[in-house]
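Novice: Pasting model-v1.cif below, which is mmCIF, C-alpha atoms and all ligand atoms.
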data_data
loop_
_atom_site.group_PDB
_atom_site.id
_atom_site.type_symbol
_atom_site.label_atom_id
_atom_site.label_comp_id
_atom_site.auth_asym_id
_atom_site.auth_seq_id
_atom_site.Cartn_x
_atom_site.Cartn_y
_atom_site.Cartn_z
ATOM 1 C CA MET A 68 102.839 94.858 49.369
ATOM 2 C CA LEU A 69 105.269 93.234 46.934
ATOM 3 C CA PRO A 70 108.339 95.529 46.920
ATOM 4 C CA VAL A 71 109.041 95.515 43.182
ATOM 5 C CA ILE A 72 111.951 97.766 42.282
ATOM 6 C CA GLU A 73 112.405 96.849 38.602
ATOM 7 C CA LEU A 74 109.994 95.932 35.810
ATOM 8 C CA PHE A 75 111.606 95.400 32.421
ATOM 9 C CA THR A 76 111.937 93.128 29.398
ATOM 10 C CA SER A 77 115.140 91.345 28.484
ATOM 11 C CA ILE A 78 116.270 87.843 27.610
ATOM 12 C CA GLN A 79 116.652 85.202 30.287
ATOM 13 C CA GLY A 80 120.401 84.892 30.771
ATOM 14 C CA GLU A 81 120.722 81.555 32.595
ATOM 15 C CA GLY A 82 119.321 78.052 32.800
ATOM 16 C CA LYS A 83 116.666 76.137 30.874
ATOM 17 C CA TYR A 84 115.045 79.249 29.392
ATOM 18 C CA MET A 85 118.362 80.879 28.456
ATOM 19 C CA GLY A 86 117.861 83.250 25.507
ATOM 20 C CA VAL A 87 114.059 83.413 25.844
ATOM 21 C CA PRO A 88 112.600 86.958 25.774
ATOM 22 C CA SER A 89 111.103 87.620 29.193
ATOM 23 C CA TYR A 90 109.405 90.091 31.488
ATOM 24 C CA PHE A 91 111.415 90.566 34.673
ATOM 25 C CA VAL A 92 109.799 91.531 37.953
ATOM 26 C CA ARG A 93 112.524 92.164 40.520
ATOM 27 C CA VAL A 94 111.715 92.461 44.219
ATOM 28 C CA SER A 95 113.895 94.113 46.837
ATOM 29 C CA GLY A 96 114.978 92.324 50.019
ATOM 30 C CA CYS A 97 116.878 89.114 50.678
ATOM 31 C CA ASN A 98 117.373 86.870 53.703
ATOM 32 C CA LEU A 99 120.989 86.060 52.657
ATOM 33 C CA ARG A 100 124.151 88.157 52.182
ATOM 34 C CA CYS A 101 126.402 86.534 49.589
ATOM 35 C CA ALA A 102 130.028 87.619 49.337
ATOM 36 C CA PHE A 103 131.922 85.424 46.872
ATOM 37 C CA LYS A 104 135.687 85.204 46.382
ATOM 38 C CA ASP A 105 135.953 87.864 43.691
ATOM 39 C CA SER A 106 132.556 89.581 43.837
ATOM 40 C CA ILE A 107 129.596 90.213 46.137
ATOM 41 C CA CYS A 108 125.917 89.582 45.344
ATOM 42 C CA ASP A 109 125.255 90.747 41.757
ATOM 43 C CA THR A 110 122.203 92.766 42.917
ATOM 44 C CA PRO A 111 123.405 94.460 46.143
ATOM 45 C CA TYR A 112 120.591 97.024 45.789
ATOM 46 C CA THR A 113 118.177 94.181 46.716
ATOM 47 C CA SER A 114 120.202 92.691 49.588
ATOM 48 C CA PHE A 115 122.972 94.754 51.235
ATOM 49 C CA ASN A 116 121.320 98.105 50.414
ATOM 50 C CA PRO A 117 117.709 97.219 49.569
ATOM 51 C CA GLU A 118 115.934 99.927 47.597
ATOM 52 C CA LYS A 119 112.311 100.947 48.162
ATOM 53 C CA SER A 120 109.589 100.131 45.650
ATOM 54 C CA PRO A 121 108.036 103.049 43.738
ATOM 55 C CA TYR A 122 104.681 101.159 43.664
ATOM 56 C CA LYS A 123 102.429 102.003 46.597
ATOM 57 C CA THR A 124 99.552 99.601 45.870
ATOM 58 C CA MET A 125 98.974 96.292 44.090
ATOM 59 C CA ASP A 126 96.769 98.115 41.545
ATOM 60 C CA GLU A 127 99.642 100.442 40.629
ATOM 61 C CA LEU A 128 101.998 97.518 40.207
ATOM 62 C CA VAL A 129 99.586 95.475 38.091
ATOM 63 C CA TYR A 130 98.883 98.542 35.923
ATOM 64 C CA ALA A 131 102.621 99.060 35.327
ATOM 65 C CA PHE A 132 103.053 95.385 34.445
ATOM 66 C CA LYS A 133 100.123 95.485 31.982
ATOM 67 C CA GLU A 134 101.656 98.561 30.337
ATOM 68 C CA LEU A 135 104.856 96.583 29.821
ATOM 69 C CA GLN A 136 102.826 93.702 28.363
ATOM 70 C CA ASN A 137 101.088 96.077 25.947
ATOM 71 C CA LYS A 138 104.447 97.398 24.833
ATOM 72 C CA PHE A 139 105.904 93.914 24.267
ATOM 73 C CA PRO A 140 102.895 91.655 23.532
ATOM 74 C CA LYS A 141 104.964 88.837 21.979
ATOM 75 C CA VAL A 142 106.763 88.072 25.243
ATOM 76 C CA ASN A 143 105.134 85.330 27.325
ATOM 77 C CA HIS A 144 107.833 84.288 29.826
ATOM 78 C CA LEU A 145 107.608 86.008 33.203
ATOM 79 C CA VAL A 146 110.591 85.829 35.561
ATOM 80 C CA ILE A 147 110.056 86.715 39.196
ATOM 81 C CA THR A 148 113.454 87.487 40.650
ATOM 82 C CA GLY A 149 115.195 89.357 43.452
ATOM 83 C CA GLY A 150 116.529 89.592 46.024
ATOM 84 C CA GLU A 151 114.495 86.714 47.368
ATOM 85 C CA PRO A 152 110.897 86.765 46.028
ATOM 86 C CA LEU A 153 109.657 84.013 48.370
ATOM 87 C CA LEU A 154 110.042 86.382 51.330
ATOM 88 C CA TYR A 155 106.720 87.798 50.071
ATOM 89 C CA LYS A 156 104.779 84.583 49.456
ATOM 90 C CA LYS A 157 101.237 85.960 49.994
ATOM 91 C CA ASP A 158 101.797 89.163 47.979
ATOM 92 C CA LEU A 159 103.457 87.223 45.205
ATOM 93 C CA GLU A 160 100.509 84.804 45.027
ATOM 94 C CA GLU A 161 98.170 87.783 44.796
ATOM 95 C CA PHE A 162 100.227 89.457 42.050
ATOM 96 C CA LEU A 163 100.401 86.255 39.998
ATOM 97 C CA SER A 164 96.655 85.609 40.360
ATOM 98 C CA LEU A 165 96.048 89.095 38.923
ATOM 99 C CA VAL A 166 98.406 88.960 35.926
ATOM 100 C CA TYR A 167 98.495 85.253 34.996
ATOM 101 C CA ASP A 168 96.905 83.911 31.816
ATOM 102 C CA ASP A 169 97.073 80.464 30.197
ATOM 103 C CA GLU A 170 99.703 81.548 27.667
ATOM 104 C CA MET A 171 102.098 82.671 30.354
ATOM 105 C CA ILE A 172 105.188 80.710 31.438
ATOM 106 C CA VAL A 173 106.330 81.684 34.929
ATOM 107 C CA THR A 174 109.787 81.147 36.428
ATOM 108 C CA ILE A 175 110.454 81.878 40.099
ATOM 109 C CA GLU A 176 114.101 82.537 40.933
ATOM 110 C CA THR A 177 114.996 81.751 44.535
ATOM 111 C CA ASN A 178 117.923 80.883 46.790
ATOM 112 C CA GLY A 179 116.050 77.753 47.937
ATOM 113 C CA THR A 180 115.824 78.572 51.642
ATOM 114 C CA LEU A 181 112.121 79.541 51.831
ATOM 115 C CA PRO A 182 108.843 77.677 51.213
ATOM 116 C CA ILE A 183 107.491 77.591 47.652
ATOM 117 C CA LEU A 184 104.161 79.118 46.574
ATOM 118 C CA ASN A 185 100.887 77.340 47.123
ATOM 119 C CA PRO A 186 100.625 75.052 44.068
ATOM 120 C CA ILE A 187 96.933 74.259 44.618
ATOM 121 C CA SER A 188 95.600 77.797 44.459
ATOM 122 C CA GLY A 189 94.675 77.024 40.820
ATOM 123 C CA LYS A 190 94.915 80.664 39.767
ATOM 124 C CA PHE A 191 98.378 80.399 38.253
ATOM 125 C CA LYS A 192 100.977 77.784 37.385
ATOM 126 C CA ILE A 193 104.700 77.961 38.042
ATOM 127 C CA ALA A 194 106.534 76.388 35.093
ATOM 128 C CA LEU A 195 109.979 76.440 36.719
ATOM 129 C CA TYR A 196 111.611 76.994 40.102
ATOM 130 C CA SER A 197 115.082 78.231 39.317
ATOM 131 C CA VAL A 198 117.005 77.651 42.522
ATOM 132 C CA SER A 199 120.489 78.898 43.304
ATOM 133 C CA PRO A 200 121.561 77.220 46.568
ATOM 134 C CA LYS A 201 124.510 79.076 48.044
ATOM 135 C CA LEU A 202 127.761 77.162 48.639
ATOM 136 C CA SER A 203 130.413 77.959 51.255
ATOM 137 C CA THR A 204 132.246 80.073 48.641
ATOM 138 C CA SER A 205 129.458 82.623 49.153
ATOM 139 C CA VAL A 206 130.574 83.133 52.781
ATOM 140 C CA GLY A 207 133.068 85.958 52.443
ATOM 141 C CA HIS A 208 135.742 87.303 54.757
ATOM 142 C CA VAL A 209 134.682 90.044 57.127
ATOM 143 C CA GLY A 210 135.822 93.537 56.127
ATOM 144 C CA LYS A 211 135.417 95.979 53.283
ATOM 145 C CA LYS A 212 134.052 94.413 50.092
ATOM 146 C CA GLU A 213 133.517 96.818 47.203
ATOM 147 C CA ASP A 214 131.412 99.541 48.881
ATOM 148 C CA ILE A 215 129.934 97.169 51.487
ATOM 149 C CA ASN A 216 131.078 96.758 55.072
ATOM 150 C CA TYR A 217 130.697 92.989 55.429
ATOM 151 C CA THR A 218 130.225 92.347 59.152
ATOM 152 C CA LYS A 219 130.739 89.174 61.165
ATOM 153 C CA GLU A 220 126.995 89.147 61.998
ATOM 154 C CA MET A 221 126.087 89.234 58.296
ATOM 155 C CA ARG A 222 128.542 86.465 57.516
ATOM 156 C CA ASP A 223 127.432 84.185 60.381
ATOM 157 C CA ARG A 224 123.717 84.614 59.693
ATOM 158 C CA HIS A 225 124.293 83.946 55.999
ATOM 159 C CA ASP A 226 126.343 80.822 56.692
ATOM 160 C CA LYS A 227 123.736 79.372 59.084
ATOM 161 C CA THR A 228 120.792 79.839 56.727
ATOM 162 C CA ARG A 229 122.199 79.429 53.211
ATOM 163 C CA ILE A 230 121.201 75.738 52.798
ATOM 164 C CA ASN A 231 117.782 74.461 53.849
ATOM 165 C CA TYR A 232 117.874 70.734 53.010
ATOM 166 C CA ASN A 233 114.195 70.071 53.724
ATOM 167 C CA ASN A 234 113.143 72.973 51.551
ATOM 168 C CA LEU A 235 115.359 71.777 48.683
ATOM 169 C CA ILE A 236 113.758 68.319 48.990
ATOM 170 C CA ASP A 237 110.333 69.965 48.886
ATOM 171 C CA ILE A 238 111.279 71.725 45.644
ATOM 172 C CA VAL A 239 112.516 68.464 44.093
ATOM 173 C CA THR A 240 109.367 66.574 45.047
ATOM 174 C CA ASN A 241 106.554 69.128 44.861
ATOM 175 C CA THR A 242 107.204 71.313 41.822
ATOM 176 C CA SER A 243 106.445 70.520 38.178
ATOM 177 C CA ASP A 244 109.974 71.507 37.138
ATOM 178 C CA TYR A 245 113.057 72.933 38.821
ATOM 179 C CA GLN A 246 116.755 73.549 38.257
ATOM 180 C CA PHE A 247 119.533 73.886 40.822
ATOM 181 C CA LYS A 248 122.038 76.432 39.473
ATOM 182 C CA PHE A 249 125.183 76.463 41.545
ATOM 183 C CA VAL A 250 127.684 79.286 41.285
ATOM 184 C CA TYR A 251 131.026 77.704 40.352
ATOM 185 C CA SER A 252 133.892 79.494 42.102
ATOM 186 C CA GLY A 253 136.507 76.732 42.006
ATOM 187 C CA PRO A 254 137.147 72.973 42.396
ATOM 188 C CA GLU A 255 135.908 72.906 46.021
ATOM 189 C CA CYS A 256 132.347 73.519 44.741
ATOM 190 C CA GLU A 257 132.075 70.079 43.119
ATOM 191 C CA ASP A 258 132.621 68.204 46.410
ATOM 192 C CA GLU A 259 130.269 70.467 48.281
ATOM 193 C CA ILE A 260 127.443 69.935 45.783
ATOM 194 C CA ILE A 261 127.872 66.159 46.129
ATOM 195 C CA ARG A 262 127.805 66.528 49.939
ATOM 196 C CA ILE A 263 124.566 68.552 49.747
ATOM 197 C CA TYR A 264 122.912 65.893 47.570
ATOM 198 C CA LYS A 265 124.091 63.092 49.877
ATOM 199 C CA GLU A 266 122.638 64.933 52.861
ATOM 200 C CA MET A 267 119.330 65.416 51.044
ATOM 201 C CA GLY A 268 119.352 61.718 50.115
ATOM 202 C CA LYS A 269 119.856 60.686 53.769
ATOM 203 C CA ILE A 270 116.874 62.803 54.855
ATOM 204 C CA VAL A 271 114.654 61.380 52.100
ATOM 205 C CA LYS A 272 115.659 57.791 52.963
ATOM 206 C CA LYS A 273 114.815 58.317 56.629
ATOM 207 C CA LYS A 274 111.356 59.585 55.697
ATOM 208 C CA ASP A 275 110.379 57.015 53.060
ATOM 209 C CA ASP A 276 112.538 54.168 51.775
ATOM 210 C CA GLN A 277 110.288 53.583 48.735
ATOM 211 C CA PHE A 278 110.460 57.167 47.669
ATOM 212 C CA PHE A 279 114.244 57.181 48.091
ATOM 213 C CA ASN A 280 114.600 54.884 45.041
ATOM 214 C CA PHE A 281 112.562 57.286 42.923
ATOM 215 C CA TYR A 282 114.564 60.208 44.258
ATOM 216 C CA ILE A 283 117.930 58.643 43.464
ATOM 217 C CA LYS A 284 116.798 57.779 39.941
ATOM 218 C CA HIS A 285 115.586 61.274 39.082
ATOM 219 C CA HIS A 286 117.919 63.431 41.061
ATOM 220 C CA PRO A 287 120.327 65.165 40.902
ATOM 221 C CA ASN A 288 121.939 65.040 37.452
ATOM 222 C CA LYS A 289 119.187 66.149 35.095
ATOM 223 C CA ASN A 290 118.499 69.437 36.836
ATOM 224 C CA THR A 291 121.932 70.348 38.181
ATOM 225 C CA MET A 292 123.654 73.299 36.534
ATOM 226 C CA LEU A 293 126.923 75.099 37.052
ATOM 227 C CA MET A 294 127.338 78.759 36.214
ATOM 228 C CA CYS A 295 130.608 80.585 36.678
ATOM 229 C CA GLU A 296 131.063 83.193 39.387
ATOM 230 C CA GLY A 297 131.540 86.712 38.101
ATOM 231 C CA ILE A 298 129.941 89.985 37.088
ATOM 232 C CA THR A 299 132.079 90.569 33.980
ATOM 233 C CA ALA A 300 132.630 88.436 30.879
ATOM 234 C CA ASP A 301 136.341 88.147 31.787
ATOM 235 C CA GLN A 302 135.514 86.770 35.234
ATOM 236 C CA LEU A 303 133.179 84.186 33.650
ATOM 237 C CA ASP A 304 135.848 83.188 31.119
ATOM 238 C CA ASN A 305 138.413 82.598 33.876
ATOM 239 C CA LYS A 306 136.410 79.669 35.238
ATOM 240 C CA SER A 307 134.422 78.434 32.256
ATOM 241 C CA LYS A 308 136.767 75.626 31.082
ATOM 242 C CA GLU A 309 137.072 74.260 34.602
ATOM 243 C CA ALA A 310 133.298 74.373 35.196
ATOM 244 C CA ALA A 311 132.597 72.724 31.825
ATOM 245 C CA ALA A 312 135.019 69.902 32.685
ATOM 246 C CA VAL A 313 133.178 69.239 35.973
ATOM 247 C CA CYS A 314 129.849 69.180 34.100
ATOM 248 C CA ILE A 315 131.157 66.640 31.601
ATOM 249 C CA LYS A 316 132.551 64.442 34.397
ATOM 250 C CA ARG A 317 129.345 64.540 36.476
ATOM 251 C CA GLY A 318 126.674 64.709 33.775
ATOM 252 C CA TRP A 319 125.606 68.159 34.960
ATOM 253 C CA THR A 320 124.651 71.041 32.657
ATOM 254 C CA TYR A 321 126.810 74.102 32.046
ATOM 255 C CA THR A 322 124.905 77.355 31.852
ATOM 256 C CA ASP A 323 126.284 80.621 30.614
ATOM 257 C CA ARG A 324 125.150 84.011 31.938
ATOM 258 C CA LEU A 325 124.160 85.736 28.722
ATOM 259 C CA HIS A 326 123.032 89.023 30.291
ATOM 260 C CA ILE A 327 126.568 89.518 31.654
ATOM 261 C CA ARG A 328 128.131 88.758 28.251
ATOM 262 C CA ILE A 329 125.764 91.151 26.476
ATOM 263 C CA TRP A 330 125.326 93.959 29.044
ATOM 264 C CA ASN A 331 128.042 93.405 31.673
ATOM 265 C CA ASN A 332 125.646 93.238 34.644
ATOM 266 C CA LYS A 333 123.977 96.557 33.747
ATOM 267 C CA ARG A 334 120.676 97.152 35.559
ATOM 268 C CA GLY A 335 117.241 97.006 33.916
ATOM 269 C CA VAL A 336 118.196 95.051 30.763
HETATM 270 S S1 LIG A 401 120.764 85.091 47.637
HETATM 271 FE FE1 LIG A 401 120.905 86.211 45.687
HETATM 272 S S2 LIG A 401 120.030 88.246 46.097
HETATM 273 FE FE2 LIG A 401 120.435 87.273 48.100
HETATM 274 S S3 LIG A 401 122.469 88.047 48.677
HETATM 275 FE FE3 LIG A 401 122.761 86.087 47.619
HETATM 276 S S4 LIG A 401 123.121 86.601 45.440
HETATM 277 FE FE4 LIG A 401 122.209 88.420 46.468
#
For the file at hand, write its structure as C-alpha cells.
Ligand code: SF4
Specialist:
Amino acid sequence: MLPVIELFTSIQGEGKYMGVPSYFVRVSGCNLRCAFKDSICDTPYTSFNPEKSPYKTMDELVYAFKELQNKFPKVNHLVITGGEPLLYKKDLEEFLSLVYDDEMIVTIETNGTLPILNPISGKFKIALYSVSPKLSTSVGHVGKKEDINYTKEMRDRHDKTRINYNNLIDIVTNTSDYQFKFVYSGPECEDEIIRIYKEMGKIVKKKDDQFFNFYIKHHPNKNTMLMCEGITADQLDNKSKEAAAVCIKRGWTYTDRLHIRIWNNKRGV
C-alpha cells in the first residue's frame, strides 16, 4: 500500500512548474538521510521519523484524492513527492492508473537513486521527473542535529547510496522530460556537479560511442538547476547571489523555493 501521509493543494515551489497550482501526494519513507550544513532534510517526518499513513486501502486513498479534486477542479498538475516515492513503484503505478486522466500533468519528485516507473504501461504519462541528486554537502557530521540523533551508520549508508550514476543516465535517456535540481550549499557544489556529469559521460561513452555525442549535446545544461539550501527565507537569501552567479557562469537555471518564501516550510500548504 502506498503510504501517503499528506494530500493537499498548493503551488509548486521549485523547478519548471514553479508557481503552478498543484495537488500534492506525499509518501512517507526514504532510502536516504540528508543532513546539510545548516539544516537537515526538510521533511524529517518522511525520513528520520517516518509517519504512518492514515489510508488503509487503495480505495480509501483514491476516494480522498477524488474529494480533493472535486474541491479544486481547476487544478490539473499532480506532484508525487516524499520521502522517496519510487520506493513504492508498484503501488504508485496502481495509484496513478486509477486517478490519471488525459488532462492531468504528473511530476514525480525523486532523489534519483531508484528505478523510474514503467513508461510503457500506457495507463498514465509522467510529464516530468524532478530529480534532486544529493551532493556531499548532504552528508552531515555525526551527533545531535535539531531533534535527530544522526548516527555514523545513517551517515555512511547515506553517503554510499546518494548518487546512482546508472539510474541518473536512465532518467536522462528514458523519460520525456526531467530536471536535476541540486541543493546549493556553497562553492564546492559547482565542482561536484561537474564531476558527477563527467562520471555519467564516461559511463555513457563506454556503452555507446554514438549515443555519447547525443548525450553531450543535450546534457547537462538545459535541465540543470540550482536551488539554495535552507528552510527559511533568510537561509535562502544568504546563498542566492552566489548560486545565481554559478548559474550564469555555467548556463544552468536558478530556481527559487516559493513555498518557503510564502509559508516558511509549513506542512500541508
Ligand atoms: S532524499 Fe529528500 S526526503 Fe530523503 S532524506 Fe534527503 S531530503 Fe529528506
Novice: With all atoms listed in the file counted, collect every polymer residue having an atom within 7 Å of ligand LIG 401 (chain A); state the result as a ChimeraX atom specification.
Specialist: /A:97-101,108-111,113-114,149-151,178
Novice: Of the candidates A:Asp237, A:Phe139, A:Thr242, A:Pro70, which one gets nearest to Glu118 in chain A if we count only C-alpha atoms?
Specialist: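 For Glu118 in chain A, the nearest of the candidates is A:Pro70.
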Novice: Which residues match the PyMOL selection byres (((chain A and resi 323) around 10) and not hetatm) in the file above, as a PyMOL selection string?
Specialist: chain A and resi 80-82+85+292-295+303-304+307+320-322+324-328
Novice: Excluding same-chain residues fewer than 3 positions from Lys157 in chain A, what lies within 12 Å of it counting only C-alpha atoms, as a count of residues only?
Specialist: 15
Novice: Determine, counting all atoms listed in the file, which protein, DNA and RNA residues have an atom within 8 Å of an atom of range 143-146 of chain A; residues of the same chain fewer than 5 positions away are not included. Present the result as a list of chain:residue names.
Specialist: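 The contact residues come out as A:Val87, A:Pro88, A:Ser89, A:Tyr90, A:Phe91, A:Val92, A:Glu170, A:Met171, A:Ile172, A:Val173, A:Thr174, A:Ile175, A:Glu176.
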Novice: Between CA of Leu165 in chain A and CA of Gln136 in chain A, what is the distance, to one decimal in Å?
Specialist: 13.4 Å
Novice: Between A:Lys212, A:Lys138, A:Lys123, A:Lys156, which has the minimum distance to Thr76 in chain A (counting only C-alpha atoms)?
Specialist: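 Between A:Lys212, A:Lys138, A:Lys123, A:Lys156, the residue approaching Thr76 in chain A most closely is A:Lys138.
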Novice: Counting all atoms listed in the file, select every polymer residue within 8 Å of (113.8, 97.9, 46.3) as defined in the file's coordinates, and provide the selection as a list in words.
Specialist: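 Here the neighbourhood of the point contains Pro70, Val71, Ile72, Glu73, Val94, Ser95, Gly96, Tyr112, Thr113, Pro117, Glu118, Lys119 and Ser120 of chain A.
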Novice: Which distance in Å separates CA of Leu202 in chain A and CA of Tyr251 in chain A, to one decimal?
Specialist: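 If I compute the distance from CA of Leu202 in chain A to CA of Tyr251 in chain A, I get 8.9 Å.
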Novice: Take every atom of range 313-318 of chain A listed in the file, pad by 5 Å on each side, and give me the axis-aligned box centre and edge lengths in Å, one decimal, as JSON.
Specialist:
{"center_x": 129.9, "center_y": 66.8, "center_z": 34.0, "size_x": 16.5, "size_y": 14.8, "size_z": 14.9}
Novice: Anything within 9 Å of (100.4, 75.5, 35.2): list those residues as a PyMOL selection string, counting only C-alpha atoms and sticking to the file's coordinates.
Specialist: chain A and resi 169+171-173+186+189-194+243
Novice: With only C-alpha atoms as the counted atoms, please give the residues lying no more than 12 Å from Val239 in chain A, apart from itself and same-chain residues fewer than 2 positions off, as number ranges by chain.
Specialist: A: 179, 183, 195-198, 232-237, 241-247, 264, 267-268, 271, 281-283, 285-287, 289-291
Novice: Could N, CA and C atoms be built for range 84-108 of chain A and written out as a PDB file, keeping the file's coordinate frame?
Specialist:
ATOM      1  N   TYR A  84     115.683  78.288  30.303  1.00  0.00           N
ATOM      2  CA  TYR A  84     115.045  79.249  29.392  1.00  0.00           C
ATOM      3  C   TYR A  84     116.045  80.288  28.875  1.00  0.00           C
ATOM      4  N   MET A  85     117.325  79.942  28.891  1.00  0.00           N
ATOM      5  CA  MET A  85     118.362  80.879  28.456  1.00  0.00           C
ATOM      6  C   MET A  85     118.064  81.376  27.031  1.00  0.00           C
ATOM      7  N   GLY A  86     118.085  82.670  26.838  1.00  0.00           N
ATOM      8  CA  GLY A  86     117.861  83.250  25.507  1.00  0.00           C
ATOM      9  C   GLY A  86     116.415  83.602  25.231  1.00  0.00           C
ATOM     10  N   VAL A  87     115.490  83.166  26.087  1.00  0.00           N
ATOM     11  CA  VAL A  87     114.059  83.413  25.844  1.00  0.00           C
ATOM     12  C   VAL A  87     113.692  84.841  26.270  1.00  0.00           C
ATOM     13  N   PRO A  88     113.016  85.610  25.383  1.00  0.00           N
ATOM     14  CA  PRO A  88     112.600  86.958  25.774  1.00  0.00           C
ATOM     15  C   PRO A  88     111.633  86.895  26.955  1.00  0.00           C
ATOM     16  N   SER A  89     111.812  87.781  27.921  1.00  0.00           N
ATOM     17  CA  SER A  89     111.103  87.620  29.193  1.00  0.00           C
ATOM     18  C   SER A  89     110.775  88.966  29.822  1.00  0.00           C
ATOM     19  N   TYR A  90     109.667  88.975  30.580  1.00  0.00           N
ATOM     20  CA  TYR A  90     109.405  90.091  31.488  1.00  0.00           C
ATOM     21  C   TYR A  90     110.123  89.772  32.786  1.00  0.00           C
ATOM     22  N   PHE A  91     110.773  90.753  33.367  1.00  0.00           N
ATOM     23  CA  PHE A  91     111.415  90.566  34.673  1.00  0.00           C
ATOM     24  C   PHE A  91     110.726  91.437  35.709  1.00  0.00           C
ATOM     25  N   VAL A  92     110.356  90.807  36.816  1.00  0.00           N
ATOM     26  CA  VAL A  92     109.799  91.531  37.953  1.00  0.00           C
ATOM     27  C   VAL A  92     110.773  91.295  39.105  1.00  0.00           C
ATOM     28  N   ARG A  93     111.498  92.357  39.484  1.00  0.00           N
ATOM     29  CA  ARG A  93     112.524  92.164  40.520  1.00  0.00           C
ATOM     30  C   ARG A  93     112.067  92.775  41.846  1.00  0.00           C
ATOM     31  N   VAL A  94     112.087  91.943  42.900  1.00  0.00           N
ATOM     32  CA  VAL A  94     111.715  92.461  44.219  1.00  0.00           C
ATOM     33  C   VAL A  94     112.974  92.786  45.026  1.00  0.00           C
ATOM     34  N   SER A  95     112.796  93.706  45.962  1.00  0.00           N
ATOM     35  CA  SER A  95     113.895  94.113  46.837  1.00  0.00           C
ATOM     36  C   SER A  95     113.791  93.346  48.147  1.00  0.00           C
ATOM     37  N   GLY A  96     114.952  93.029  48.734  1.00  0.00           N
ATOM     38  CA  GLY A  96     114.978  92.324  50.019  1.00  0.00           C
ATOM     39  C   GLY A  96     115.463  90.904  49.839  1.00  0.00           C
ATOM     40  N   CYS A  97     116.374  90.490  50.721  1.00  0.00           N
ATOM     41  CA  CYS A  97     116.878  89.114  50.678  1.00  0.00           C
ATOM     42  C   CYS A  97     117.234  88.679  52.094  1.00  0.00           C
ATOM     43  N   ASN A  98     117.034  87.405  52.375  1.00  0.00           N
ATOM     44  CA  ASN A  98     117.373  86.870  53.703  1.00  0.00           C
ATOM     45  C   ASN A  98     118.836  86.420  53.776  1.00  0.00           C
ATOM     46  N   LEU A  99     119.567  86.442  52.643  1.00  0.00           N
ATOM     47  CA  LEU A  99     120.989  86.060  52.657  1.00  0.00           C
ATOM     48  C   LEU A  99     121.871  87.274  52.322  1.00  0.00           C
ATOM     49  N   ARG A 100     123.184  87.101  52.511  1.00  0.00           N
ATOM     50  CA  ARG A 100     124.151  88.157  52.182  1.00  0.00           C
ATOM     51  C   ARG A 100     125.378  87.481  51.564  1.00  0.00           C
ATOM     52  N   CYS A 101     125.312  87.274  50.248  1.00  0.00           N
ATOM     53  CA  CYS A 101     126.402  86.534  49.589  1.00  0.00           C
ATOM     54  C   CYS A 101     127.607  87.442  49.331  1.00  0.00           C
ATOM     55  N   ALA A 102     128.778  86.911  49.655  1.00  0.00           N
ATOM     56  CA  ALA A 102     130.028  87.619  49.337  1.00  0.00           C
ATOM     57  C   ALA A 102     130.997  86.555  48.822  1.00  0.00           C
ATOM     58  N   PHE A 103     131.096  86.461  47.502  1.00  0.00           N
ATOM     59  CA  PHE A 103     131.922  85.424  46.872  1.00  0.00           C
ATOM     60  C   PHE A 103     133.395  85.832  46.902  1.00  0.00           C
ATOM     61  N   LYS A 104     134.244  84.945  46.361  1.00  0.00           N
ATOM     62  CA  LYS A 104     135.687  85.204  46.382  1.00  0.00           C
ATOM     63  C   LYS A 104     136.028  86.528  45.714  1.00  0.00           C
ATOM     64  N   ASP A 105     135.548  86.695  44.466  1.00  0.00           N
ATOM     65  CA  ASP A 105     135.953  87.864  43.691  1.00  0.00           C
ATOM     66  C   ASP A 105     134.852  88.903  43.519  1.00  0.00           C
ATOM     67  N   SER A 106     133.657  88.631  44.036  1.00  0.00           N
ATOM     68  CA  SER A 106     132.556  89.581  43.837  1.00  0.00           C
ATOM     69  C   SER A 106     131.495  89.362  44.910  1.00  0.00           C
ATOM     70  N   ILE A 107     130.728  90.418  45.222  1.00  0.00           N
ATOM     71  CA  ILE A 107     129.596  90.213  46.137  1.00  0.00           C
ATOM     72  C   ILE A 107     128.356  89.906  45.301  1.00  0.00           C
ATOM     73  N   CYS A 108     127.238  89.725  45.972  1.00  0.00           N
ATOM     74  CA  CYS A 108     125.917  89.582  45.344  1.00  0.00           C
ATOM     75  C   CYS A 108     125.812  90.478  44.103  1.00  0.00           C
TER      76      CYS A 108
END
